[in-house]
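Colleague: A single structure is presented below for examination.
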Amino acid sequence: WFKKTIGNWFENYLGVFYGNVPWNFTTSHISIHHKLQGGMGDTFYQWDIDRTSWRDFMLFIYRIMTHVVGFSSLYFFKKNEQHRAYNLLRQGMLWYWLVVPSCLYAITGSFSFIFFIYLQPAVAMMYFLAFINIGLHAYIEFDENGRHKPVVNSSAVIDGDDDYFGEDDHLAHHYATNVYYKDLPDYHNKMLLQFKKHHASVFKDFSILEHSLFLLLKDFNQLADHYVDFTENMPRKEIIKMLKARAVRKEISYFDYEFKWLPALQKNHWMKQRRA
């Protein structure tokens, strides 16, 4: 009943005043970001930039801008022939960019109101999403077959000051979505061998925002202070060296990804990547 009568009230109604295009999160977060686990084709893809560079961060803001306005997700759905998601998001974009501004202008007669109250939050959302995602997916490392190591490419923060429902554990968010936040300690214990073997991207006692800031400031000493070494015998210099190498490592160059790979995007490309 709730879904049919009210639906996702924040995302599709109230959310337009917080920079959210209706249906953008519902369609893209699961069907793109989680399906690809942040990999190539994701509208939040960042492994073609240096995650410690402010200059590259500006390029990433542009990419997030195309996500926030809805364009990059719509492009992905069209290329992959996901018609239901495409139609939902297109409807949401028409609502956000045409219907609501027209109604607001008819009511207020003020372009200033539309910009500062309606559009400016979208600009803030672009920067906020870009900033936190630098920390959430800062690191990459590949196995002997060239595949991403899951415990590296999504980070987790344990005992963060703003972590109430496990929201700082982005590793579990991607690879253990069925784990209840109260059961996260048990999940961590089950993953202990993997964490030790691959030196998982797990930190403690700070926030995702601080994580992103330390990265962009290249403050690897601070990051090493918060890094959780599950082996308990890794020298501090090795931790710093490892984190820096993972944070600057690229899967593909920005130019090749943005101007060659994306324009040639094909249906079910992620399946071909996983078979490769």
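Scheme for the structure tokens: letters A, B, ... for chains in order shown; per-chain residue numbers from 1; ligand numbers from 1 in order shown.
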Would you kindly return, as an MDAnalysis selection string, each protein, DNA or RNA residue with an atom no farther than 12 Å from any atom of His173 in chain A, considering only C-alpha atoms and excluding same-chain residues fewer than 2 positions away?
Modeller: chainID A and resid 29:30 33:34 37 136:137 150:151 154:157 165:171 175:181 184 187
Colleague: For range 250-264 of chain A, list every protein, DNA or RNA residue within 7 Å, evaluated using only C-alpha atoms, and leave out those in the same chain fewer than 4 positions away; present the list as a list in words.
Modeller: Trp47, Asp48 and Ile49 of chain A
Colleague: Using only C-alpha atoms, determine which residues lie at most 10 Å from Asp219 in chain A, disregarding the query and same-chain residues fewer than 5 positions distant; provide the list as a count of residues only.
Modeller: 7
Colleague: Between CA of Gly38 in chain A and CA of Tyr86 in chain A, measure the distance and give it in Å to one decimal.
Modeller: 19.7 Å
Colleague: Which residue is closest to Leu88 in chain A? Choose from A:Met65, A:Val21, A:Val152, A:Ile134 and count only C-alpha atoms.
Modeller: A:Val21
Colleague: Could you pull the residues within 12 Å of Leu243 in chain A, counting only C-alpha atoms, minus those fewer than 3 positions along the same chain, as a short mmCIF file (atom, residue, chain, number, x, y, z; two decimals) with N, CA, C and O atoms, in the first residue's frame?
Modeller:
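And here's selection.cif as it stands now:
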```cif
data_model
loop_
_atom_site.label_atom_id
_atom_site.label_comp_id
_atom_site.auth_asym_id
_atom_site.auth_seq_id
_atom_site.Cartn_x
_atom_site.Cartn_y
_atom_site.Cartn_z
N ARG A 51 43.28 9.74 -6.80
CA ARG A 51 42.38 10.11 -5.70
C ARG A 51 43.05 10.99 -4.65
O ARG A 51 42.42 11.36 -3.67
N THR A 52 44.31 11.36 -4.87
CA THR A 52 45.00 12.27 -3.96
C THR A 52 45.25 13.63 -4.61
O THR A 52 45.97 14.46 -4.06
N GLY A 135 36.73 8.87 -0.56
CA GLY A 135 37.13 8.01 0.55
C GLY A 135 36.52 6.63 0.50
O GLY A 135 37.13 5.66 0.93
N ALA A 138 38.59 4.71 -2.52
CA ALA A 138 39.88 5.35 -2.81
C ALA A 138 40.93 4.40 -3.35
O ALA A 138 41.79 4.80 -4.14
N TYR A 139 40.86 3.14 -2.96
CA TYR A 139 41.99 2.23 -3.20
C TYR A 139 41.64 1.11 -4.17
O TYR A 139 40.50 0.63 -4.18
N ILE A 140 42.61 0.72 -4.96
CA ILE A 140 42.43 -0.46 -5.82
C ILE A 140 43.70 -1.30 -5.80
O ILE A 140 44.81 -0.79 -5.69
N GLU A 141 43.46 -2.59 -5.91
CA GLU A 141 44.55 -3.54 -6.07
C GLU A 141 43.98 -4.74 -6.82
O GLU A 141 42.81 -5.09 -6.65
N VAL A 152 39.70 -4.48 -0.84
CA VAL A 152 40.54 -3.30 -1.03
C VAL A 152 39.75 -2.17 -1.67
O VAL A 152 39.87 -1.00 -1.27
N ASN A 153 38.93 -2.48 -2.69
CA ASN A 153 38.33 -1.40 -3.48
C ASN A 153 37.12 -0.73 -2.83
O ASN A 153 36.60 0.24 -3.36
N SER A 155 36.12 0.72 1.13
CA SER A 155 36.72 0.91 2.44
C SER A 155 35.67 0.84 3.55
O SER A 155 34.47 0.97 3.32
N HIS A 199 45.32 -7.24 3.23
CA HIS A 199 45.48 -5.93 3.89
C HIS A 199 44.29 -5.03 3.51
O HIS A 199 44.44 -4.04 2.79
N ALA A 200 43.13 -5.40 4.01
CA ALA A 200 41.88 -4.74 3.65
C ALA A 200 41.89 -3.25 3.96
O ALA A 200 42.61 -2.78 4.86
N SER A 201 41.08 -2.51 3.22
CA SER A 201 40.97 -1.06 3.41
C SER A 201 40.03 -0.77 4.57
O SER A 201 38.91 -0.28 4.40
N VAL A 202 40.50 -1.06 5.77
CA VAL A 202 39.71 -0.87 6.98
C VAL A 202 40.44 0.12 7.89
O VAL A 202 41.65 -0.01 8.13
N PHE A 203 39.68 1.11 8.38
CA PHE A 203 40.22 2.15 9.23
C PHE A 203 39.37 2.25 10.50
O PHE A 203 38.34 1.60 10.62
N HIS A 211 38.49 10.94 6.04
CA HIS A 211 39.21 10.02 5.15
C HIS A 211 39.48 10.69 3.80
O HIS A 211 40.61 10.71 3.31
N PHE A 214 42.00 13.70 4.19
CA PHE A 214 43.39 13.28 4.36
C PHE A 214 43.98 12.79 3.03
O PHE A 214 45.15 13.02 2.74
N LEU A 215 43.16 12.12 2.23
CA LEU A 215 43.62 11.66 0.93
C LEU A 215 43.98 12.84 0.03
O LEU A 215 45.06 12.88 -0.57
N LYS A 218 47.00 14.51 0.89
CA LYS A 218 48.15 13.59 0.84
C LYS A 218 48.75 13.36 2.23
O LYS A 218 49.97 13.18 2.38
N ASP A 219 47.89 13.35 3.23
CA ASP A 219 48.36 13.17 4.61
C ASP A 219 48.30 11.68 4.97
O ASP A 219 47.41 11.22 5.70
N PHE A 220 49.25 10.93 4.45
CA PHE A 220 49.25 9.49 4.67
C PHE A 220 49.71 9.11 6.08
O PHE A 220 49.47 7.99 6.52
N ASN A 221 50.32 10.03 6.78
CA ASN A 221 50.64 9.78 8.18
C ASN A 221 49.36 9.67 9.01
O ASN A 221 49.23 8.79 9.85
N GLN A 222 48.42 10.58 8.76
CA GLN A 222 47.13 10.51 9.45
C GLN A 222 46.38 9.24 9.07
O GLN A 222 45.79 8.57 9.92
N LEU A 223 46.40 8.91 7.79
CA LEU A 223 45.71 7.70 7.35
C LEU A 223 46.33 6.46 7.98
O LEU A 223 45.62 5.53 8.38
N ALA A 224 47.65 6.44 8.10
CA ALA A 224 48.32 5.31 8.73
C ALA A 224 47.95 5.20 10.21
O ALA A 224 47.84 4.10 10.76
N ASP A 225 47.74 6.36 10.86
CA ASP A 225 47.33 6.35 12.27
C ASP A 225 45.99 5.65 12.45
O ASP A 225 45.74 5.02 13.49
N HIS A 226 45.12 5.77 11.45
CA HIS A 226 43.76 5.22 11.56
C HIS A 226 43.61 3.85 10.87
O HIS A 226 42.55 3.22 10.99
N TYR A 227 44.63 3.44 10.15
CA TYR A 227 44.55 2.17 9.43
C TYR A 227 44.57 0.99 10.42
O TYR A 227 45.31 0.98 11.40
N VAL A 228 43.74 -0.03 10.13
CA VAL A 228 43.69 -1.23 10.97
C VAL A 228 44.54 -2.31 10.31
O VAL A 228 44.18 -2.85 9.26
N ASP A 229 45.66 -2.61 10.92
CA ASP A 229 46.55 -3.66 10.43
C ASP A 229 46.17 -4.98 11.09
O ASP A 229 46.53 -5.24 12.24
N ARG A 236 55.02 0.72 9.90
CA ARG A 236 54.28 1.94 9.56
C ARG A 236 54.66 2.45 8.17
O ARG A 236 53.81 2.86 7.40
N LYS A 237 55.95 2.41 7.85
CA LYS A 237 56.39 2.88 6.53
C LYS A 237 55.77 2.05 5.41
O LYS A 237 55.44 2.59 4.35
N GLU A 238 55.59 0.76 5.65
CA GLU A 238 54.97 -0.11 4.65
C GLU A 238 53.49 0.21 4.50
O GLU A 238 52.93 0.13 3.40
N ILE A 239 52.82 0.55 5.59
CA ILE A 239 51.41 0.93 5.53
C ILE A 239 51.25 2.19 4.69
O ILE A 239 50.38 2.27 3.81
N ILE A 240 52.09 3.18 4.95
CA ILE A 240 52.03 4.43 4.19
C ILE A 240 52.30 4.18 2.71
O ILE A 240 51.59 4.69 1.83
N ARG A 246 48.02 2.39 -3.57
CA ARG A 246 46.64 2.03 -3.90
C ARG A 246 45.79 3.25 -4.26
O ARG A 246 44.88 3.16 -5.09
N ALA A 247 46.09 4.39 -3.65
CA ALA A 247 45.28 5.59 -3.86
C ALA A 247 45.59 6.29 -5.18
O ALA A 247 44.73 7.00 -5.72
N VAL A 248 46.79 6.10 -5.70
CA VAL A 248 47.15 6.77 -6.96
C VAL A 248 47.06 5.82 -8.15
O VAL A 248 47.12 6.26 -9.31
N ARG A 249 46.92 4.52 -7.88
CA ARG A 249 46.87 3.53 -8.95
C ARG A 249 45.63 3.74 -9.81
O ARG A 249 44.53 4.02 -9.31
#
```
Colleague: In Å, rounded to a single decimal, give me how far CA of Phe10 in chain A is from CA of Lys182 in chain A.
Modeller: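 Between these atoms lies a distance of 25.6 Å.
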Colleague: Run DSSP on the backbone and tell me which residues of range 188-249 of chain A come out as alpha helix (DSSP H); list them as a PyMOL selection string.
Modeller: chain A and resi 188-190+192-198+208-216+220-226+236-248
Colleague: Of the residues A:Asp56, A:Tyr18, A:Ile64, A:Met234, which is the one nearest to Asn133 in chain A, using only C-alpha atoms?
Modeller: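 Comparing A:Asp56, A:Tyr18, A:Ile64, A:Met234 against Asn133 in chain A, the winner is A:Ile64.
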Colleague: If you measure from CA of Gln82 in chain A to CA of Leu59 in chain A, what distance in Å do you get, rounded to one decimal?
Modeller: 27.4 Å
Colleague: List the neighbours of Ala85 in chain A out to 12 Å using only C-alpha atoms; skip same-chain residues closer than 2 positions along the sequence, and give me the result as a ChimeraX atom specification.
Modeller: /A:22-32,70,73-83,87-92
Colleague: For the strand (DSSP E) assignment from backbone DSSP, which residues of range 78-273 of chain A qualify? Please present them as a ChimeraX atom specification.
Modeller: /A:156-158,202-204
Colleague: Taking only C-alpha atoms into account, name the residue in A:Lys149, A:Met40, A:Ile158, A:Ser207 that is nearest to Gln194 in chain A.
Modeller: A:Lys149
